[in-house]
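Listing of target-v1.txt, compact mmCIF, C-alpha atoms
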```txt
# COMPACT_ATOMS: atom_id res chain seq x y z
CA MET A 654 10.53 -6.99 -9.14
CA ILE A 655 12.90 -4.03 -9.52
CA ASP A 656 14.26 -2.79 -6.19
CA GLU A 657 14.26 0.86 -5.15
CA GLY A 658 17.98 1.38 -5.80
CA MET A 659 17.73 0.08 -9.35
CA GLN A 660 14.65 2.27 -9.92
CA GLU A 661 16.66 5.35 -8.92
CA GLN A 662 19.50 4.34 -11.27
CA ALA A 663 16.97 3.84 -14.08
CA ALA A 664 15.58 7.35 -13.53
CA ALA A 665 19.10 8.83 -13.52
CA TYR A 666 20.02 6.84 -16.65
CA ALA A 667 16.93 8.09 -18.47
CA LEU A 668 17.96 11.65 -17.60
CA GLY A 669 21.60 11.08 -18.62
CA ALA A 670 22.76 11.83 -15.07
CA LEU A 671 25.08 8.79 -14.65
CA ASP A 672 28.82 9.05 -15.20
CA ALA A 673 30.62 6.81 -17.68
CA ASP A 674 31.41 3.97 -15.23
CA GLU A 675 27.90 3.99 -13.77
CA THR A 676 26.41 4.01 -17.28
CA ARG A 677 28.47 0.98 -18.36
CA ALA A 678 27.54 -0.95 -15.20
CA PHE A 679 23.86 -0.07 -15.59
CA GLU A 680 23.77 -1.06 -19.27
CA VAL A 681 25.11 -4.52 -18.34
CA SER A 682 22.03 -5.00 -16.12
CA LEU A 683 19.86 -3.45 -18.82
CA ARG A 684 20.85 -6.05 -21.40
CA VAL A 685 19.79 -9.01 -19.25
CA ASP A 686 16.65 -7.60 -17.57
CA PRO A 687 13.61 -7.05 -19.86
CA GLU A 688 11.59 -5.53 -16.99
CA LEU A 689 14.36 -2.96 -16.44
CA ARG A 690 14.38 -2.12 -20.16
CA ALA A 691 10.62 -1.56 -20.09
CA LEU A 692 11.04 0.74 -17.09
CA VAL A 693 13.73 2.80 -18.84
CA ARG A 694 11.52 3.15 -21.93
CA GLU A 695 8.66 4.35 -19.74
CA LEU A 696 10.87 6.85 -17.91
CA ARG A 697 12.34 8.16 -21.15
CA SER A 698 8.90 8.65 -22.67
CA VAL A 699 7.80 10.63 -19.61
CA THR A 700 11.04 12.64 -19.56
CA GLU A 701 10.80 13.48 -23.28
CA ALA A 702 7.15 14.45 -22.95
CA LEU A 703 7.88 16.74 -20.02
CA ALA A 704 11.04 18.18 -21.56
CA GLY A 705 9.10 19.06 -24.70
CA THR A 706 6.80 21.27 -22.65
CA ALA A 707 9.60 23.37 -21.09
CA PRO A 708 9.95 26.82 -22.81
CA ALA A 709 13.31 27.78 -24.27
CA LEU A 710 15.16 30.33 -22.10
CA GLU A 711 17.12 33.17 -23.77
CA PRO A 712 19.85 34.40 -21.38
CA PRO A 713 20.26 38.18 -20.86
CA ALA A 714 22.83 39.90 -23.09
CA ALA A 715 25.24 40.54 -20.19
CA VAL A 716 25.14 36.88 -19.10
CA LYS A 717 25.65 35.72 -22.69
CA ALA A 718 28.70 38.01 -23.03
CA ARG A 719 30.23 36.68 -19.80
CA LEU A 720 29.71 33.11 -20.94
CA LEU A 721 31.47 33.85 -24.21
CA LEU A 722 34.35 35.47 -22.31
CA GLU A 723 34.74 32.37 -20.13
CA ILE A 724 34.64 30.02 -23.12
CA GLU A 725 36.90 32.08 -25.45
CA PRO A 726 40.24 31.60 -23.55
CA GLN A 727 39.82 27.85 -23.79
CA GLN A 728 39.61 27.87 -27.59
CA PRO A 729 42.96 27.51 -29.51
CA SER A 730 44.03 30.83 -30.97
CA ALA A 731 44.88 31.20 -34.66
CA PRO A 732 48.58 31.45 -35.52
CA LYS A 733 49.87 34.99 -35.76
CA THR A 734 51.10 36.26 -39.13
CA THR A 735 52.77 39.43 -37.87
CA PRO A 736 56.57 39.50 -37.68
CA GLU A 737 58.09 38.33 -34.44
CA ARG A 738 59.17 41.01 -31.99
CA PRO A 739 61.64 40.77 -29.16
CA ILE A 740 59.83 39.74 -26.01
CA SER A 741 60.22 42.52 -23.52
CA ALA A 742 57.96 44.23 -21.06
CA PRO A 743 57.79 48.01 -20.82
CA ALA A 744 59.76 49.33 -17.89
CA SER A 745 56.71 51.00 -16.48
CA THR A 746 54.65 47.77 -16.55
CA PRO A 747 55.12 45.37 -13.58
CA ALA A 748 55.82 41.78 -14.56
CA SER A 749 52.93 40.52 -12.46
CA ALA A 750 50.38 42.95 -13.91
CA PRO A 751 47.29 41.14 -15.12
CA ALA A 752 46.39 41.09 -18.77
CA SER A 753 44.07 43.79 -19.91
CA ALA A 754 40.39 42.90 -19.79
CA PRO A 755 38.64 42.12 -23.07
CA ALA A 756 36.57 44.78 -24.69
CA GLY A 757 33.13 45.12 -23.24
CA ALA A 758 34.03 43.64 -19.82
CA PRO A 759 33.86 45.87 -16.72
CA ILE A 760 37.36 46.77 -15.48
CA GLY A 761 38.23 45.55 -11.99
CA VAL A 762 35.13 43.37 -11.64
CA PRO A 763 35.90 39.61 -11.46
CA LEU A 764 34.00 37.42 -13.83
CA ARG A 765 31.30 35.34 -12.09
CA ARG A 766 29.56 32.17 -13.17
CA PRO A 767 26.12 33.04 -14.54
CA ALA A 768 23.38 32.40 -12.02
CA ASN A 769 21.14 30.80 -14.66
CA LEU A 770 23.47 27.80 -15.05
CA TRP A 771 21.42 26.01 -12.33
CA ILE A 772 18.35 25.89 -14.58
CA PRO A 773 19.28 22.65 -16.47
CA TRP A 774 20.07 20.88 -13.19
CA ALA A 775 16.80 22.06 -11.62
CA LEU A 776 14.90 20.87 -14.66
CA ALA A 777 16.66 17.49 -14.53
CA ALA A 778 15.85 17.11 -10.83
CA ALA A 779 12.20 17.99 -11.46
CA LEU A 780 12.00 15.47 -14.30
CA ALA A 781 13.55 12.82 -12.06
CA LEU A 782 10.98 13.47 -9.32
CA VAL A 783 8.09 13.35 -11.76
CA SER A 784 9.45 10.17 -13.35
CA LEU A 785 9.73 8.51 -9.94
CA ALA A 786 6.17 9.59 -9.13
CA PHE A 787 4.93 7.94 -12.34
CA LEU A 788 6.99 4.88 -11.46
CA TRP A 789 5.51 4.53 -7.95
CA GLN A 790 2.00 5.11 -9.30
CA GLY A 791 2.54 2.41 -11.91
CA ALA A 792 3.83 0.01 -9.22
CA GLY A 793 0.69 0.67 -7.15
CA LEU A 794 -1.58 -0.04 -10.13
CA ARG A 795 0.30 -3.25 -10.88
CA SER A 796 -0.16 -4.32 -7.25
CA GLN A 797 -3.92 -3.62 -7.39
CA LEU A 798 -4.28 -5.56 -10.65
CA ALA A 799 -2.37 -8.50 -9.16
CA ALA A 800 -4.67 -8.51 -6.10
CA GLN A 801 -7.76 -8.44 -8.33
CA ALA A 802 -6.37 -11.28 -10.45
CA ASN A 803 -5.77 -13.35 -7.29
CA ARG A 804 -9.34 -12.68 -6.13
CA ILE A 805 -10.72 -13.75 -9.52
CA ASN A 806 -8.66 -16.95 -9.33
CA GLU A 807 -10.01 -17.66 -5.82
CA LEU A 808 -13.62 -17.16 -6.94
CA THR A 809 -13.07 -19.36 -9.98
CA ALA A 810 -11.57 -22.11 -7.84
CA SER A 811 -14.47 -21.84 -5.36
CA ALA A 812 -17.05 -22.12 -8.16
CA GLU A 813 -15.23 -25.14 -9.60
CA LEU A 814 -15.23 -26.78 -6.15
CA ALA A 815 -18.96 -26.13 -5.74
CA ARG A 816 -19.70 -27.66 -9.14
CA SER A 817 -17.57 -30.68 -8.29
CA GLU A 818 -19.31 -31.16 -4.94
CA THR A 819 -22.73 -30.87 -6.60
CA ALA A 820 -21.82 -33.46 -9.23
CA ASN A 821 -20.50 -35.85 -6.57
CA LEU A 822 -23.62 -35.37 -4.47
CA ARG A 823 -25.90 -36.08 -7.44
CA GLN A 824 -24.01 -39.30 -8.14
CA ALA A 825 -24.32 -40.37 -4.51
CA VAL A 826 -28.06 -39.68 -4.53
CA ALA A 827 -28.49 -41.69 -7.73
CA LYS A 828 -26.64 -44.66 -6.23
CA LEU A 829 -28.73 -44.52 -3.05
CA ARG A 830 -31.93 -44.50 -5.07
CA GLU A 831 -30.81 -47.63 -6.90
CA SER A 832 -30.12 -49.45 -3.63
CA ASN A 833 -32.84 -51.87 -2.48
CA ARG A 834 -31.78 -51.32 1.11
CA LEU A 835 -33.07 -47.71 0.92
CA ALA A 836 -36.29 -48.42 -0.93
CA SER A 837 -38.38 -46.76 1.81
CA PHE A 838 -36.30 -43.58 1.77
CA ARG A 839 -37.02 -40.47 -0.27
CA ILE A 840 -33.75 -38.67 -1.11
CA ALA A 841 -34.00 -35.23 -2.69
CA LEU A 842 -31.29 -32.87 -3.89
CA LEU A 843 -32.37 -29.23 -3.53
CA ASP A 844 -30.97 -26.61 -5.92
CA SER A 845 -30.43 -22.93 -5.17
CA LEU A 846 -33.00 -20.55 -6.66
CA LEU A 847 -30.88 -17.46 -5.91
CA ALA A 848 -28.54 -16.06 -8.55
CA ALA A 849 -26.39 -14.57 -5.78
CA SER A 850 -25.88 -17.99 -4.11
CA PRO A 851 -24.95 -20.45 -6.88
CA LYS A 852 -22.76 -22.51 -4.50
CA THR A 853 -25.63 -23.44 -2.14
CA ILE A 854 -26.42 -27.18 -2.11
CA ALA A 855 -28.82 -29.17 0.12
CA VAL A 856 -29.99 -32.77 0.59
CA SER A 857 -33.14 -34.02 2.28
CA VAL A 858 -33.46 -37.69 3.27
CA TRP A 859 -37.02 -38.69 4.25
CA ASP A 860 -37.94 -42.04 5.85
CA ASN A 861 -41.59 -42.59 5.02
CA GLU A 862 -41.96 -45.50 7.45
CA ARG A 863 -40.61 -43.57 10.43
CA GLN A 864 -42.14 -40.26 9.26
CA ASP A 865 -38.94 -38.32 9.94
CA GLY A 866 -35.92 -37.18 8.01
CA VAL A 867 -32.53 -35.49 7.94
CA PHE A 868 -31.80 -32.18 6.21
CA ILE A 869 -28.25 -31.06 5.30
CA VAL A 870 -27.30 -27.74 3.65
CA ARG A 871 -24.07 -25.96 2.74
CA ASN A 872 -23.17 -22.39 1.73
CA LEU A 873 -26.55 -20.90 2.59
CA GLU A 874 -26.40 -17.24 3.64
CA PRO A 875 -27.09 -16.66 7.38
CA LEU A 876 -30.27 -14.70 8.19
CA PRO A 877 -30.84 -11.78 10.58
CA ASP A 878 -32.28 -12.57 14.02
CA ASP A 879 -35.87 -11.74 13.03
CA LYS A 880 -35.93 -14.28 10.16
CA ASP A 881 -35.92 -18.11 9.88
CA TYR A 882 -35.49 -20.62 7.10
CA GLN A 883 -38.49 -22.99 6.89
CA LEU A 884 -38.50 -26.47 5.34
CA TRP A 885 -41.58 -27.69 3.47
CA ILE A 886 -42.67 -31.12 2.17
CA ILE A 887 -44.86 -31.18 -0.92
CA ASP A 888 -47.29 -34.12 -0.78
CA PRO A 889 -50.07 -34.44 -3.44
CA LYS A 890 -52.37 -35.50 -0.61
CA TYR A 891 -52.50 -31.90 0.67
CA PRO A 892 -53.43 -28.70 -1.19
CA SER A 893 -50.57 -26.79 0.44
CA PRO A 894 -46.98 -27.74 1.36
CA VAL A 895 -46.59 -29.34 4.80
CA ASP A 896 -44.54 -27.53 7.43
CA ALA A 897 -41.36 -29.46 8.39
CA GLY A 898 -39.94 -26.93 10.85
CA VAL A 899 -37.66 -23.88 10.90
CA PHE A 900 -33.88 -23.73 11.11
CA GLN A 901 -30.87 -21.40 11.07
CA VAL A 902 -27.40 -21.94 9.58
CA ASP A 903 -24.01 -21.28 11.17
CA ALA A 904 -21.55 -18.57 10.13
CA LYS A 905 -20.32 -20.77 7.25
CA GLY A 906 -23.87 -21.30 5.96
CA SER A 907 -24.11 -24.97 7.01
CA VAL A 908 -26.56 -27.00 9.11
CA ARG A 909 -27.56 -30.63 9.72
CA ARG A 910 -30.85 -31.21 11.50
CA ASP A 911 -33.44 -33.90 12.02
CA PHE A 912 -37.00 -32.96 11.13
CA ARG A 913 -40.57 -34.25 11.30
CA ALA A 914 -43.61 -33.12 9.33
CA LYS A 915 -46.50 -31.42 11.12
CA MET A 916 -48.91 -33.74 9.28
CA PRO A 917 -48.69 -37.42 8.18
CA ILE A 918 -46.92 -37.73 4.84
CA GLN A 919 -48.07 -40.24 2.25
CA ALA A 920 -45.64 -39.37 -0.54
CA ALA A 921 -42.86 -36.80 -0.16
CA ASN A 922 -42.59 -35.80 -3.80
CA GLN A 923 -40.68 -32.55 -3.35
CA PHE A 924 -38.99 -30.38 -0.73
CA ALA A 925 -38.57 -26.61 -0.56
CA VAL A 926 -37.05 -23.94 1.72
CA THR A 927 -38.40 -20.41 2.16
CA ILE A 928 -37.44 -17.37 4.23
CA GLU A 929 -40.11 -16.54 6.81
CA GLN A 930 -40.58 -14.35 9.87
CA LYS A 931 -39.10 -15.65 13.13
CA GLY A 932 -40.90 -18.84 14.19
CA GLY A 933 -42.16 -19.77 10.72
CA ALA A 934 -45.45 -19.50 8.88
CA ALA A 935 -48.51 -21.68 8.26
CA VAL A 936 -48.34 -21.13 4.50
CA PRO A 937 -45.04 -20.75 2.59
CA ASN A 938 -44.03 -17.40 1.13
CA THR A 939 -43.34 -18.59 -2.41
CA LYS A 940 -41.78 -15.25 -3.36
CA ALA A 941 -39.04 -15.91 -0.77
CA MET A 942 -38.26 -19.49 -1.83
CA VAL A 943 -34.51 -20.14 -1.86
CA LEU A 944 -34.21 -23.94 -2.33
CA ALA A 945 -36.31 -26.54 -4.13
CA GLY A 946 -35.84 -30.07 -5.43
CA SER A 947 -37.08 -33.62 -5.62
```

I need this file expressed as structure tokens, please.
Amino acid sequence: MIDEGMQEQAAAYALGALDADETRAFEVSLRVDPELRALVRELRSVTEALAGTAPALEPPAAVKARLLLEIEPQQPSAPKTTPERPISAPASTPASAPASAPAGAPIGVPLRRPANLWIPWALAAALALVSLAFLWQGAGLRSQLAAQANRINELTASAELARSETANLRQAVAKLRESNRLASFRIALLDSLLAASPKTIAVSVWDNERQDGVFIVRNLEPLPDDKDYQLWIIDPKYPSPVDAGVFQVDAKGSVRRDFRAKMPIQAANQFAVTIEQKGGAAVPNTKAMVLAGS
């Protein structure tokens, strides 16, 4: 992660605003940091795109003339070819008199730095601000993408855990069915019928001799106060499923409860769970069935 100070140096480097020492120091970091190089490329692309949209400015004629007058004394003059004359000042001319002004310059008016010289610096500052804005926006997007990736990883891990728990539970049920000690028990694994709740798993253990059982469920969505889950036992002896009582789950979607059927059960072939009005129903609402299994 690039810190704020290095981000500011990167923006200044992209604009060419660092001095020689700062440039050398920054380029040392640039050579060893691929993330910093990517940032500089991004800033330069933004700077070049914005700079290409700025219109060319033609200075006024008077400003251009003053600039030329300021630059001209600094240029080396060509060697004179006229014969040398004795160096002497006219008697009427004071030694400290200033040199005559160049042609075209107002007499007695000091030359001033053109006001438009601030334009390149203003443009550079604006480009730096815009580049930093793009940088911060990009950092925010990267943070959002990282958060979404973490959430996807969490959901994937949760789904893998649910599949593992389901597989382990199926193996346990198979072993219990093979045990002679539990020959009188009916053990059913109920699967979720809801696409939105693939992690829901439930087990029903029915003791036919005692005519009671135990029901365990995990990851089942809690219901509002005016609704109940209702457990049903499907016995071929009866034309309709037999009511085995209503229940609610806790905030985590789990419950373990003992249950008894409202009618004598001869063979508990299957079990099912439906969503009903508070208190349950005499006949199951098959359109609101959420769990079923045998």

**Prompt:** Any idea what the distance is between CA of Asn872 in chain A and CA of Ile840 in chain A?
**Reply:**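 Rounded to one decimal, the two atoms are 19.6 Å apart.
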
**Request:** Dump as a list in words all residues having an atom at most 10 Å from (-46.4, -34.8, 10.1), computed in the file's coordinates with only C-alpha atoms.
**Result:**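 Checked against the point, the hits come out as Gln864, Asp865, Ile886, Val895, Asp896, Ala897, Phe912, Arg913, Ala914, Lys915, Met916, Pro917, Ile918 and Gln919 of chain A.
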
**Message:** Nearest residue to Val943 in chain A out of A:Ile887, A:Ile869, A:Ala810, A:Leu846, using all atoms listed in the file?
**Reply:**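 Selected residue with least distance to Val943 in chain A: A:Leu846.
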
**Item:** CA of Asp881 in chain A to CA of Ser947 in chain A, straight-line distance in Å
**Value:**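 A separation of 22.0 Å between them.
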
**Asked** Which value, in Å to one decimal, gives the distance between CA of Val867 in chain A and CA of Gln923 in chain A?
**Response**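 Separation of CA of Val867 in chain A and CA of Gln923 in chain A: 14.2 Å.
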
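If all atoms listed in the file are the atoms counted, then among A:Ala935, A:Met942, A:Val856, A:Ala678 the closest residue to Gln662 in chain A is A:Ala678.
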